[in-house]
Number of protein chains: 2
Amino acid sequence: MIDDSIRPQLGVIGGLGPLASADFYVKLTRMTEALHDNEHVPAVILSVPQLPDRTEAILAGHDGPLAPLQAAVATLNALGVACIAMPCNTAHHWYDKLAENSQAEIIHIGDAVVAEIRRSLDRGRVANLATRGTLVSGFYQRRISAAGFDLCLPAIAEFQERVDSAIALVKAGSIVDAAIETERALHLAQLAGADAALLGCTELSVVAASLSDTNGLVVIDSNAALARACLMRLGFGVQEARGLPTVSRLPGQDRLPWQRAS
Amino acid sequence: MIDDSIRPQLGVIGGLGPLASADFYVKLTRMTEALHDNEHVPAVILSVPQLPDRTEAILAGHDGPLAPLQAAVATLNALGVACIAMPCNTAHHWYDKLAENSQAEIIHIGDAVVAEIRRSLDRGRVANLATRGTLVSGFYQRRISAAGFDLCLPAIAEFQERVDSAIALVKAGSIVDAAIETERALHLAQLAGADAALLGCTELSVVAASLSDTNGLVVIDSNAALARACLMRLGFGVQEARGLPTVSRLPGQDRLPWQRAS
């Protein structure tokens, strides 16, 4: 099926959305401790943006995305990968069914995120900026609680509206506007008592580097967490991505104050 | 081999280097006229950073990279792609041998670049910031001349030294330093009479968005040119990448003057 000289170690189910996958690829590369091409992970990214909408399926209670996700897992296994990453949080709703039919280990983004949170915090309240599908699926709530953190759920409707808006703006390519919406959601999370906020949708990872000062709120990037987990799993050296904040505690100087959420 | 629900249209031979491929994926995505995931190109990126060094092979007169490149072409064909892109200029030295064994059309980056130059210029002198391998291969010189442009070859050794340094710095992840070296090479090209300068190595495409004012010199990004050619070939709408200059005529205001090449 594939010549040994080009066999990938990492398989990526991408395109969910495409910019989130590209962001994952950039972060995987920037976080690899490497000075030359051949020190990087051989990989294959299967970008399948035609997959049915994940949140819509979860909210409607159907498994439309499962069959094409299983097809992607089968193709990546046929290409001989050692492990698989899905830089889409919502798709992890179907993780168990995918994992049971994959010879290659599928690295769960939720496990990667919990490890990433622990790099910054021992305890505290964590808010999750995620799709409604991810929230209904519940895999983050279970993992974050099991790891000893408290969930912080801002009670006002505006929080999730800002998150939904930011995700849609990234999919439409409007990064600057998406960053503003994300900052407002982060602000609302902090007002609700969060110590940390998870960018629990990889579309929001795309804007991580564009966020202004978050006023001490620890921001966790699920794409960066997944990239780190992949590199560690495959035995590659990991460095902090130069120019790409992964766990942000941005300094206050030289930054505009947060706008009041309106 | 692959389920129709996830069949890719575009195959990408990537990892040469990895950051250049990630840059191509970002530009392909950002340049697609799309508001939702499913309006994007289904694609597969085979990232093969272990491929033998292309310039070293060309300068030494051997074909070490050919067999793994052929293997990559075979795998992408087996995955059913309609066309193939290689976001690595130097690898196009082996284009003819790859194309003759590929059912899928391989889009030549040199043809894409000539089309991109024509978007900005009718005539004039074009310098090429490329690897020594690409220059020895000669495919750009032939295409640029055949298209009615004049080649501009800065006579001083420092020009190619700056280019080589910039490429190595990108491969090592030092984007800011690479941009400085690239700017110095661009400055030397302009002093030698160039009207336009081609970033004829996709590592340099990575720094395209980081370049300061180029003082009227038209800068052509080979990765953006290739992304545009792929989208057009596959019938996707193309937009100027928001936030990613493709053909740069950057305004002079608010930018530092060019440093004198030292």
# chains A, B, ... in the order shown; residues from 1 in each chain; ligands from 1
call {"tool": "residues_around", "arguments": {"residues": "Gly14 of chain B", "least_positions_apart": "6", "cutoff": "7 Å", "atoms": "only C-alpha atoms", "output": "number ranges by chain"}}
result
B: 21, 45-48, 86-87
call {"tool": "residues_around", "arguments": {"residues": "Ala189 of chain A", "least_positions_apart": "2", "cutoff": "10 Å", "atoms": "only C-alpha atoms", "output": "VMD selection string"}}
result
chain A and resid 125 to 129 152 to 156 159 183 to 187 191 to 197 217
call {"tool": "interface_residues", "arguments": {"of": "chain B", "to": "chain A", "cutoff": "7 Å", "atoms": "only C-alpha atoms", "output": "number ranges by chain"}}
result
B: 2-3, 5-6, 16-19, 22, 25-26, 29-30, 34-38, 40, 42-50, 68, 71-72, 75, 171-173
call {"tool": "residues_around", "arguments": {"residues": "Leu59 of chain A", "least_positions_apart": "4", "cutoff": "9 Å", "atoms": "only C-alpha atoms", "output": "list in words"}}
result
Arg54, Thr55, Arg132, Gly133 and Val136 of chain A
call {"tool": "write_last_selection", "arguments": {"atoms": "N, CA, C and O atoms", "output": "CSV table (one decimal), in the first residue's frame"}}
result
chain,number,residue,atom,x,y,z
A,54,ARG,N,-20.7,18.1,12.8
A,54,ARG,CA,-20.6,17.2,14.0
A,54,ARG,C,-21.7,17.7,15.0
A,54,ARG,O,-22.4,16.9,15.6
A,55,THR,N,-21.7,19.0,15.3
A,55,THR,CA,-22.6,19.5,16.3
A,55,THR,C,-24.0,19.2,15.9
A,55,THR,O,-24.9,18.8,16.8
A,132,ARG,N,-21.6,23.5,20.9
A,132,ARG,CA,-22.7,22.9,21.7
A,132,ARG,C,-22.6,21.4,21.6
A,132,ARG,O,-23.0,20.7,22.5
A,133,GLY,N,-22.1,20.8,20.5
A,133,GLY,CA,-22.0,19.4,20.3
A,133,GLY,C,-21.1,18.8,21.3
A,133,GLY,O,-21.3,17.8,22.0
A,136,VAL,N,-22.7,18.9,24.8
A,136,VAL,CA,-23.7,17.8,25.0
A,136,VAL,C,-23.0,16.4,25.1
A,136,VAL,O,-23.4,15.6,25.9
call {"tool": "atom_distance", "arguments": {"atom1": "atom CA of Ser120 of chain B", "atom2": "atom CA of Met232 of chain B"}}
result
17.9 Å
call {"tool": "atom_distance", "arguments": {"atom1": "atom CA of His93 of chain A", "atom2": "atom CA of Ala225 of chain A"}}
result
18.0 Å
call {"tool": "select_by_dssp", "arguments": {"residues": "segment 5-229 of chain B", "states": "strand (DSSP E)", "output": "PyMOL selection string"}}
result
chain B and resi 10-14+43-47+83-85+105-107+125-129+150-151+196-199+218-221
call {"tool": "atom_distance", "arguments": {"atom1": "atom CA of Ile58 of chain A", "atom2": "atom CA of Ala166 of chain A"}}
result
19.8 Å
call {"tool": "select_by_dssp", "arguments": {"residues": "segment 37-131 of chain A", "states": "alpha helix (DSSP H)", "output": "ChimeraX atom specification"}}
result
/A:54-60,66-78,95-99,109-118
call {"tool": "residues_around", "arguments": {"residues": "segment 98-113 of chain B", "least_positions_apart": "6", "cutoff": "9 Å", "atoms": "only C-alpha atoms", "output": "PDB file with N, CA and C atoms, in the first residue's frame"}}
result
ATOM      1  N   GLY B  11      -3.920  16.033  -4.003  1.00  0.00           N
ATOM      2  CA  GLY B  11      -2.857  15.352  -3.267  1.00  0.00           C
ATOM      3  C   GLY B  11      -1.659  16.277  -3.148  1.00  0.00           C
ATOM      4  N   LEU B  66      14.349  10.809  -6.084  1.00  0.00           N
ATOM      5  CA  LEU B  66      13.353  10.416  -7.090  1.00  0.00           C
ATOM      6  C   LEU B  66      12.494   9.237  -6.644  1.00  0.00           C
ATOM      7  N   LEU B  69       9.952  10.166  -4.075  1.00  0.00           N
ATOM      8  CA  LEU B  69       8.957  11.050  -4.702  1.00  0.00           C
ATOM      9  C   LEU B  69       8.001  10.233  -5.573  1.00  0.00           C
ATOM     10  N   GLN B  70       8.543   9.266  -6.295  1.00  0.00           N
ATOM     11  CA  GLN B  70       7.689   8.402  -7.123  1.00  0.00           C
ATOM     12  C   GLN B  70       6.743   7.579  -6.249  1.00  0.00           C
ATOM     13  N   VAL B  73       3.941   9.856  -5.240  1.00  0.00           N
ATOM     14  CA  VAL B  73       3.010  10.037  -6.363  1.00  0.00           C
ATOM     15  C   VAL B  73       2.125   8.805  -6.502  1.00  0.00           C
ATOM     16  N   ALA B  74       2.712   7.625  -6.358  1.00  0.00           N
ATOM     17  CA  ALA B  74       1.935   6.386  -6.489  1.00  0.00           C
ATOM     18  C   ALA B  74       0.882   6.290  -5.389  1.00  0.00           C
ATOM     19  N   LEU B  76      -0.516   8.773  -3.692  1.00  0.00           N
ATOM     20  CA  LEU B  76      -1.573   9.774  -3.909  1.00  0.00           C
ATOM     21  C   LEU B  76      -2.497   9.339  -5.045  1.00  0.00           C
ATOM     22  N   ASN B  77      -1.936   8.732  -6.085  1.00  0.00           N
ATOM     23  CA  ASN B  77      -2.779   8.191  -7.156  1.00  0.00           C
ATOM     24  C   ASN B  77      -3.678   7.079  -6.631  1.00  0.00           C
ATOM     25  N   GLY B  80      -6.720   8.231  -5.189  1.00  0.00           N
ATOM     26  CA  GLY B  80      -7.737   8.719  -6.116  1.00  0.00           C
ATOM     27  C   GLY B  80      -7.759  10.212  -6.351  1.00  0.00           C
ATOM     28  N   VAL B  81      -6.654  10.910  -6.080  1.00  0.00           N
ATOM     29  CA  VAL B  81      -6.659  12.368  -6.265  1.00  0.00           C
ATOM     30  C   VAL B  81      -6.748  12.729  -7.747  1.00  0.00           C
ATOM     31  N   ALA B  82      -7.306  13.922  -8.020  1.00  0.00           N
ATOM     32  CA  ALA B  82      -7.404  14.405  -9.398  1.00  0.00           C
ATOM     33  C   ALA B  82      -6.141  15.134  -9.818  1.00  0.00           C
ATOM     34  N   CYS B  83      -5.520  15.808  -8.874  1.00  0.00           N
ATOM     35  CA  CYS B  83      -4.248  16.450  -9.203  1.00  0.00           C
ATOM     36  C   CYS B  83      -3.358  16.528  -7.968  1.00  0.00           C
ATOM     37  N   ILE B  84      -2.087  16.780  -8.249  1.00  0.00           N
ATOM     38  CA  ILE B  84      -1.047  16.718  -7.212  1.00  0.00           C
ATOM     39  C   ILE B  84      -0.260  18.025  -7.220  1.00  0.00           C
ATOM     40  N   ALA B  85       0.057  18.509  -6.025  1.00  0.00           N
ATOM     41  CA  ALA B  85       0.906  19.692  -5.876  1.00  0.00           C
ATOM     42  C   ALA B  85       2.110  19.336  -5.017  1.00  0.00           C
ATOM     43  N   MET B  86       3.253  19.904  -5.375  1.00  0.00           N
ATOM     44  CA  MET B  86       4.475  19.737  -4.557  1.00  0.00           C
ATOM     45  C   MET B  86       4.909  21.124  -4.106  1.00  0.00           C
ATOM     46  N   PRO B  87       4.584  21.511  -2.860  1.00  0.00           N
ATOM     47  CA  PRO B  87       5.045  22.815  -2.387  1.00  0.00           C
ATOM     48  C   PRO B  87       6.526  22.780  -2.013  1.00  0.00           C
ATOM     49  N   CYS B  88       7.326  22.395  -2.989  1.00  0.00           N
ATOM     50  CA  CYS B  88       8.798  22.421  -2.884  1.00  0.00           C
ATOM     51  C   CYS B  88       9.295  22.671  -4.298  1.00  0.00           C
ATOM     52  N   ASN B  89       9.892  23.834  -4.507  1.00  0.00           N
ATOM     53  CA  ASN B  89      10.363  24.161  -5.848  1.00  0.00           C
ATOM     54  C   ASN B  89      11.439  23.203  -6.325  1.00  0.00           C
ATOM     55  N   HIS B  92      10.870  19.949  -8.128  1.00  0.00           N
ATOM     56  CA  HIS B  92      10.408  19.980  -9.521  1.00  0.00           C
ATOM     57  C   HIS B  92      11.510  19.651 -10.519  1.00  0.00           C
ATOM     58  N   PHE B 139      14.739  25.067 -14.458  1.00  0.00           N
ATOM     59  CA  PHE B 139      13.367  25.129 -14.982  1.00  0.00           C
ATOM     60  C   PHE B 139      12.744  26.516 -14.850  1.00  0.00           C
ATOM     61  N   TYR B 140      13.190  27.283 -13.863  1.00  0.00           N
ATOM     62  CA  TYR B 140      12.646  28.643 -13.756  1.00  0.00           C
ATOM     63  C   TYR B 140      13.202  29.562 -14.832  1.00  0.00           C
ATOM     64  N   ARG B 143      11.322  28.953 -18.012  1.00  0.00           N
ATOM     65  CA  ARG B 143       9.938  29.425 -18.010  1.00  0.00           C
ATOM     66  C   ARG B 143       9.844  30.954 -17.982  1.00  0.00           C
ATOM     67  N   ILE B 144      10.697  31.588 -17.200  1.00  0.00           N
ATOM     68  CA  ILE B 144      10.637  33.047 -17.069  1.00  0.00           C
ATOM     69  C   ILE B 144      11.033  33.705 -18.390  1.00  0.00           C
ATOM     70  N   LEU B 198      11.092  36.682  -7.137  1.00  0.00           N
ATOM     71  CA  LEU B 198      10.338  35.468  -6.864  1.00  0.00           C
ATOM     72  C   LEU B 198      10.877  34.810  -5.602  1.00  0.00           C
ATOM     73  N   GLY B 200      11.314  31.837  -4.740  1.00  0.00           N
ATOM     74  CA  GLY B 200      11.307  30.604  -5.525  1.00  0.00           C
ATOM     75  C   GLY B 200      11.718  29.386  -4.725  1.00  0.00           C
ATOM     76  N   ILE B 220       6.851  37.880  -5.448  1.00  0.00           N
ATOM     77  CA  ILE B 220       5.972  36.781  -5.859  1.00  0.00           C
ATOM     78  C   ILE B 220       6.221  35.594  -4.926  1.00  0.00           C
ATOM     79  N   ASP B 221       5.130  35.068  -4.384  1.00  0.00           N
ATOM     80  CA  ASP B 221       5.197  33.975  -3.406  1.00  0.00           C
ATOM     81  C   ASP B 221       4.845  32.667  -4.138  1.00  0.00           C
ATOM     82  N   SER B 222       5.808  31.765  -4.246  1.00  0.00           N
ATOM     83  CA  SER B 222       5.571  30.545  -5.045  1.00  0.00           C
ATOM     84  C   SER B 222       4.520  29.641  -4.407  1.00  0.00           C
ATOM     85  N   ASN B 223       4.431  29.626  -3.074  1.00  0.00           N
ATOM     86  CA  ASN B 223       3.401  28.806  -2.417  1.00  0.00           C
ATOM     87  C   ASN B 223       2.000  29.347  -2.713  1.00  0.00           C
ATOM     88  N   ALA B 224       1.842  30.656  -2.634  1.00  0.00           N
ATOM     89  CA  ALA B 224       0.539  31.257  -2.936  1.00  0.00           C
ATOM     90  C   ALA B 224       0.184  31.031  -4.403  1.00  0.00           C
ATOM     91  N   ALA B 225       1.184  31.122  -5.267  1.00  0.00           N
ATOM     92  CA  ALA B 225       0.944  30.877  -6.699  1.00  0.00           C
ATOM     93  C   ALA B 225       0.462  29.452  -6.921  1.00  0.00           C
ATOM     94  N   LEU B 226       1.094  28.509  -6.236  1.00  0.00           N
ATOM     95  CA  LEU B 226       0.712  27.097  -6.382  1.00  0.00           C
ATOM     96  C   LEU B 226      -0.692  26.860  -5.819  1.00  0.00           C
ATOM     97  N   ALA B 227      -0.992  27.472  -4.693  1.00  0.00           N
ATOM     98  CA  ALA B 227      -2.330  27.322  -4.098  1.00  0.00           C
ATOM     99  C   ALA B 227      -3.391  27.862  -5.052  1.00  0.00           C
ATOM    100  N   ARG B 228      -3.120  29.024  -5.638  1.00  0.00           N
ATOM    101  CA  ARG B 228      -4.076  29.612  -6.579  1.00  0.00           C
ATOM    102  C   ARG B 228      -4.282  28.681  -7.783  1.00  0.00           C
ATOM    103  N   ALA B 229      -3.177  28.140  -8.302  1.00  0.00           N
ATOM    104  CA  ALA B 229      -3.272  27.251  -9.471  1.00  0.00           C
ATOM    105  C   ALA B 229      -4.083  25.998  -9.141  1.00  0.00           C
ATOM    106  N   CYS B 230      -3.903  25.457  -7.950  1.00  0.00           N
ATOM    107  CA  CYS B 230      -4.657  24.255  -7.549  1.00  0.00           C
ATOM    108  C   CYS B 230      -6.149  24.553  -7.474  1.00  0.00           C
ATOM    109  N   ARG B 233      -7.552  25.026 -10.943  1.00  0.00           N
ATOM    110  CA  ARG B 233      -7.596  23.753 -11.667  1.00  0.00           C
ATOM    111  C   ARG B 233      -8.777  22.892 -11.209  1.00  0.00           C
TER     112      ARG B 233
END
call {"tool": "decode", "arguments": {"residues": "segment 107-253 of chain B", "atoms": "C-alpha atoms", "output": "PDB file, in the first residue's frame"}}
result
ATOM      1  CA  ILE B 107       0.593  21.011 -11.260  1.00  0.00           C
ATOM      2  CA  HIS B 108       4.014  22.499 -11.996  1.00  0.00           C
ATOM      3  CA  ILE B 109       4.912  25.243  -9.545  1.00  0.00           C
ATOM      4  CA  GLY B 110       6.899  27.008 -12.277  1.00  0.00           C
ATOM      5  CA  ASP B 111       3.815  27.364 -14.474  1.00  0.00           C
ATOM      6  CA  ALA B 112       1.845  28.604 -11.459  1.00  0.00           C
ATOM      7  CA  VAL B 113       4.549  31.179 -10.724  1.00  0.00           C
ATOM      8  CA  VAL B 114       4.648  32.509 -14.289  1.00  0.00           C
ATOM      9  CA  ALA B 115       0.872  33.030 -14.130  1.00  0.00           C
ATOM     10  CA  GLU B 116       1.347  34.801 -10.797  1.00  0.00           C
ATOM     11  CA  ILE B 117       4.062  37.113 -12.167  1.00  0.00           C
ATOM     12  CA  ARG B 118       1.747  38.046 -15.050  1.00  0.00           C
ATOM     13  CA  ARG B 119      -0.870  39.233 -12.557  1.00  0.00           C
ATOM     14  CA  SER B 120       1.546  42.036 -11.602  1.00  0.00           C
ATOM     15  CA  LEU B 121       3.848  42.655 -14.549  1.00  0.00           C
ATOM     16  CA  ASP B 122       3.752  42.643 -18.340  1.00  0.00           C
ATOM     17  CA  ARG B 123       7.491  42.776 -18.722  1.00  0.00           C
ATOM     18  CA  GLY B 124      10.552  43.412 -16.640  1.00  0.00           C
ATOM     19  CA  ARG B 125      13.450  41.863 -14.801  1.00  0.00           C
ATOM     20  CA  VAL B 126      12.746  39.038 -12.377  1.00  0.00           C
ATOM     21  CA  ALA B 127      15.186  37.818  -9.729  1.00  0.00           C
ATOM     22  CA  ASN B 128      14.795  34.367  -8.225  1.00  0.00           C
ATOM     23  CA  LEU B 129      15.426  33.653  -4.556  1.00  0.00           C
ATOM     24  CA  ALA B 130      15.807  29.891  -4.789  1.00  0.00           C
ATOM     25  CA  THR B 131      17.992  27.019  -3.679  1.00  0.00           C
ATOM     26  CA  ARG B 132      21.204  26.343  -5.569  1.00  0.00           C
ATOM     27  CA  GLY B 133      19.543  23.096  -6.653  1.00  0.00           C
ATOM     28  CA  THR B 134      16.614  24.893  -8.268  1.00  0.00           C
ATOM     29  CA  LEU B 135      18.995  27.283 -10.033  1.00  0.00           C
ATOM     30  CA  VAL B 136      21.156  24.443 -11.388  1.00  0.00           C
ATOM     31  CA  SER B 137      18.028  22.584 -12.504  1.00  0.00           C
ATOM     32  CA  GLY B 138      17.124  25.576 -14.669  1.00  0.00           C
ATOM     33  CA  PHE B 139      13.367  25.129 -14.982  1.00  0.00           C
ATOM     34  CA  TYR B 140      12.646  28.643 -13.756  1.00  0.00           C
ATOM     35  CA  GLN B 141      15.112  30.321 -16.086  1.00  0.00           C
ATOM     36  CA  ARG B 142      13.489  28.538 -19.051  1.00  0.00           C
ATOM     37  CA  ARG B 143       9.938  29.425 -18.010  1.00  0.00           C
ATOM     38  CA  ILE B 144      10.637  33.047 -17.069  1.00  0.00           C
ATOM     39  CA  SER B 145      12.467  33.679 -20.337  1.00  0.00           C
ATOM     40  CA  ALA B 146       9.827  31.886 -22.400  1.00  0.00           C
ATOM     41  CA  ALA B 147       7.186  34.108 -20.789  1.00  0.00           C
ATOM     42  CA  GLY B 148       8.979  37.215 -22.057  1.00  0.00           C
ATOM     43  CA  PHE B 149      10.566  38.384 -18.808  1.00  0.00           C
ATOM     44  CA  ASP B 150      14.243  39.025 -18.302  1.00  0.00           C
ATOM     45  CA  LEU B 151      16.184  37.214 -15.649  1.00  0.00           C
ATOM     46  CA  CYS B 152      18.003  39.354 -13.121  1.00  0.00           C
ATOM     47  CA  LEU B 153      20.966  37.618 -11.533  1.00  0.00           C
ATOM     48  CA  PRO B 154      22.655  39.711  -8.842  1.00  0.00           C
ATOM     49  CA  ALA B 155      26.355  39.269  -9.531  1.00  0.00           C
ATOM     50  CA  ILE B 156      27.603  39.329  -5.966  1.00  0.00           C
ATOM     51  CA  ALA B 157      28.012  36.162  -3.936  1.00  0.00           C
ATOM     52  CA  GLU B 158      26.249  37.707  -0.954  1.00  0.00           C
ATOM     53  CA  PHE B 159      22.871  37.450  -2.702  1.00  0.00           C
ATOM     54  CA  GLN B 160      22.819  33.645  -2.792  1.00  0.00           C
ATOM     55  CA  GLU B 161      24.436  33.448   0.644  1.00  0.00           C
ATOM     56  CA  ARG B 162      21.545  35.485   2.105  1.00  0.00           C
ATOM     57  CA  VAL B 163      19.036  33.252   0.314  1.00  0.00           C
ATOM     58  CA  ASP B 164      20.690  30.058   1.560  1.00  0.00           C
ATOM     59  CA  SER B 165      20.817  31.475   5.075  1.00  0.00           C
ATOM     60  CA  ALA B 166      17.140  32.477   5.019  1.00  0.00           C
ATOM     61  CA  ILE B 167      16.090  29.002   3.866  1.00  0.00           C
ATOM     62  CA  ALA B 168      18.144  27.293   6.564  1.00  0.00           C
ATOM     63  CA  LEU B 169      16.727  29.653   9.206  1.00  0.00           C
ATOM     64  CA  VAL B 170      13.142  28.776   8.242  1.00  0.00           C
ATOM     65  CA  LYS B 171      13.955  25.067   8.427  1.00  0.00           C
ATOM     66  CA  ALA B 172      15.351  25.726  11.903  1.00  0.00           C
ATOM     67  CA  GLY B 173      12.178  27.620  12.871  1.00  0.00           C
ATOM     68  CA  SER B 174      13.754  31.094  13.135  1.00  0.00           C
ATOM     69  CA  ILE B 175      11.232  33.073  11.118  1.00  0.00           C
ATOM     70  CA  VAL B 176      12.173  36.579  12.262  1.00  0.00           C
ATOM     71  CA  ASP B 177      15.845  36.102  11.397  1.00  0.00           C
ATOM     72  CA  ALA B 178      14.873  34.465   8.113  1.00  0.00           C
ATOM     73  CA  ALA B 179      12.760  37.491   7.191  1.00  0.00           C
ATOM     74  CA  ILE B 180      15.744  39.785   7.806  1.00  0.00           C
ATOM     75  CA  GLU B 181      17.962  37.675   5.550  1.00  0.00           C
ATOM     76  CA  THR B 182      15.250  37.543   2.892  1.00  0.00           C
ATOM     77  CA  GLU B 183      14.861  41.321   2.989  1.00  0.00           C
ATOM     78  CA  ARG B 184      18.588  41.735   2.462  1.00  0.00           C
ATOM     79  CA  ALA B 185      18.498  39.401  -0.544  1.00  0.00           C
ATOM     80  CA  LEU B 186      15.497  41.331  -1.929  1.00  0.00           C
ATOM     81  CA  HIS B 187      17.395  44.572  -1.451  1.00  0.00           C
ATOM     82  CA  LEU B 188      20.389  43.193  -3.339  1.00  0.00           C
ATOM     83  CA  ALA B 189      18.069  42.027  -6.128  1.00  0.00           C
ATOM     84  CA  GLN B 190      16.610  45.511  -6.417  1.00  0.00           C
ATOM     85  CA  LEU B 191      20.071  47.090  -6.458  1.00  0.00           C
ATOM     86  CA  ALA B 192      20.874  44.709  -9.332  1.00  0.00           C
ATOM     87  CA  GLY B 193      17.907  46.087 -11.269  1.00  0.00           C
ATOM     88  CA  ALA B 194      15.102  43.642 -10.520  1.00  0.00           C
ATOM     89  CA  ASP B 195      11.505  44.802 -10.963  1.00  0.00           C
ATOM     90  CA  ALA B 196      10.163  41.669  -9.323  1.00  0.00           C
ATOM     91  CA  ALA B 197      11.590  39.002  -7.058  1.00  0.00           C
ATOM     92  CA  LEU B 198      10.338  35.468  -6.864  1.00  0.00           C
ATOM     93  CA  LEU B 199      10.350  33.695  -3.524  1.00  0.00           C
ATOM     94  CA  GLY B 200      11.307  30.604  -5.525  1.00  0.00           C
ATOM     95  CA  CYS B 201      11.744  28.373  -2.501  1.00  0.00           C
ATOM     96  CA  THR B 202       8.653  27.608  -0.427  1.00  0.00           C
ATOM     97  CA  GLU B 203      10.628  28.046   2.804  1.00  0.00           C
ATOM     98  CA  LEU B 204      10.768  31.725   1.841  1.00  0.00           C
ATOM     99  CA  SER B 205       6.995  31.732   1.308  1.00  0.00           C
ATOM    100  CA  VAL B 206       6.789  31.146   5.055  1.00  0.00           C
ATOM    101  CA  VAL B 207       8.302  34.594   5.685  1.00  0.00           C
ATOM    102  CA  ALA B 208       6.315  36.396   2.966  1.00  0.00           C
ATOM    103  CA  ALA B 209       3.867  37.844   5.489  1.00  0.00           C
ATOM    104  CA  SER B 210       6.720  39.032   7.723  1.00  0.00           C
ATOM    105  CA  LEU B 211       8.558  41.151   5.158  1.00  0.00           C
ATOM    106  CA  SER B 212       8.844  44.877   5.653  1.00  0.00           C
ATOM    107  CA  ASP B 213       8.293  47.385   2.879  1.00  0.00           C
ATOM    108  CA  THR B 214      10.077  46.199  -0.250  1.00  0.00           C
ATOM    109  CA  ASN B 215      10.360  49.663  -1.753  1.00  0.00           C
ATOM    110  CA  GLY B 216       8.277  49.000  -4.858  1.00  0.00           C
ATOM    111  CA  LEU B 217       9.852  45.649  -5.658  1.00  0.00           C
ATOM    112  CA  VAL B 218       7.098  43.193  -6.592  1.00  0.00           C
ATOM    113  CA  VAL B 219       7.434  40.027  -4.506  1.00  0.00           C
ATOM    114  CA  ILE B 220       5.972  36.781  -5.859  1.00  0.00           C
ATOM    115  CA  ASP B 221       5.197  33.975  -3.406  1.00  0.00           C
ATOM    116  CA  SER B 222       5.571  30.545  -5.045  1.00  0.00           C
ATOM    117  CA  ASN B 223       3.401  28.806  -2.417  1.00  0.00           C
ATOM    118  CA  ALA B 224       0.539  31.257  -2.936  1.00  0.00           C
ATOM    119  CA  ALA B 225       0.944  30.877  -6.699  1.00  0.00           C
ATOM    120  CA  LEU B 226       0.712  27.097  -6.382  1.00  0.00           C
ATOM    121  CA  ALA B 227      -2.330  27.322  -4.098  1.00  0.00           C
ATOM    122  CA  ARG B 228      -4.076  29.612  -6.579  1.00  0.00           C
ATOM    123  CA  ALA B 229      -3.272  27.251  -9.471  1.00  0.00           C
ATOM    124  CA  CYS B 230      -4.657  24.255  -7.549  1.00  0.00           C
ATOM    125  CA  LEU B 231      -7.906  26.027  -6.686  1.00  0.00           C
ATOM    126  CA  MET B 232      -8.397  27.196 -10.268  1.00  0.00           C
ATOM    127  CA  ARG B 233      -7.596  23.753 -11.667  1.00  0.00           C
ATOM    128  CA  LEU B 234     -10.166  22.141  -9.359  1.00  0.00           C
ATOM    129  CA  GLY B 235     -12.843  24.769 -10.010  1.00  0.00           C
ATOM    130  CA  PHE B 236     -12.876  26.365  -6.558  1.00  0.00           C
ATOM    131  CA  GLY B 237     -13.430  30.085  -6.153  1.00  0.00           C
ATOM    132  CA  VAL B 238     -10.281  32.023  -5.265  1.00  0.00           C
ATOM    133  CA  GLN B 239     -10.086  35.072  -3.063  1.00  0.00           C
ATOM    134  CA  GLU B 240      -7.120  37.129  -2.008  1.00  0.00           C
ATOM    135  CA  ALA B 241      -6.002  35.553   1.240  1.00  0.00           C
ATOM    136  CA  ARG B 242      -7.090  37.887   3.987  1.00  0.00           C
ATOM    137  CA  GLY B 243      -4.060  38.850   6.012  1.00  0.00           C
ATOM    138  CA  LEU B 244      -1.705  36.970   3.730  1.00  0.00           C
ATOM    139  CA  PRO B 245      -0.124  39.112   1.048  1.00  0.00           C
ATOM    140  CA  THR B 246       0.390  37.099  -2.123  1.00  0.00           C
ATOM    141  CA  VAL B 247       1.670  39.705  -4.540  1.00  0.00           C
ATOM    142  CA  SER B 248       3.085  42.365  -2.305  1.00  0.00           C
ATOM    143  CA  ARG B 249       3.302  46.018  -3.095  1.00  0.00           C
ATOM    144  CA  LEU B 250       3.429  47.038   0.503  1.00  0.00           C
ATOM    145  CA  PRO B 251       2.854  50.685   1.340  1.00  0.00           C
ATOM    146  CA  GLY B 252       5.808  52.602   2.695  1.00  0.00           C
ATOM    147  CA  GLN B 253       4.127  54.326   5.596  1.00  0.00           C
TER     148      GLN B 253
END
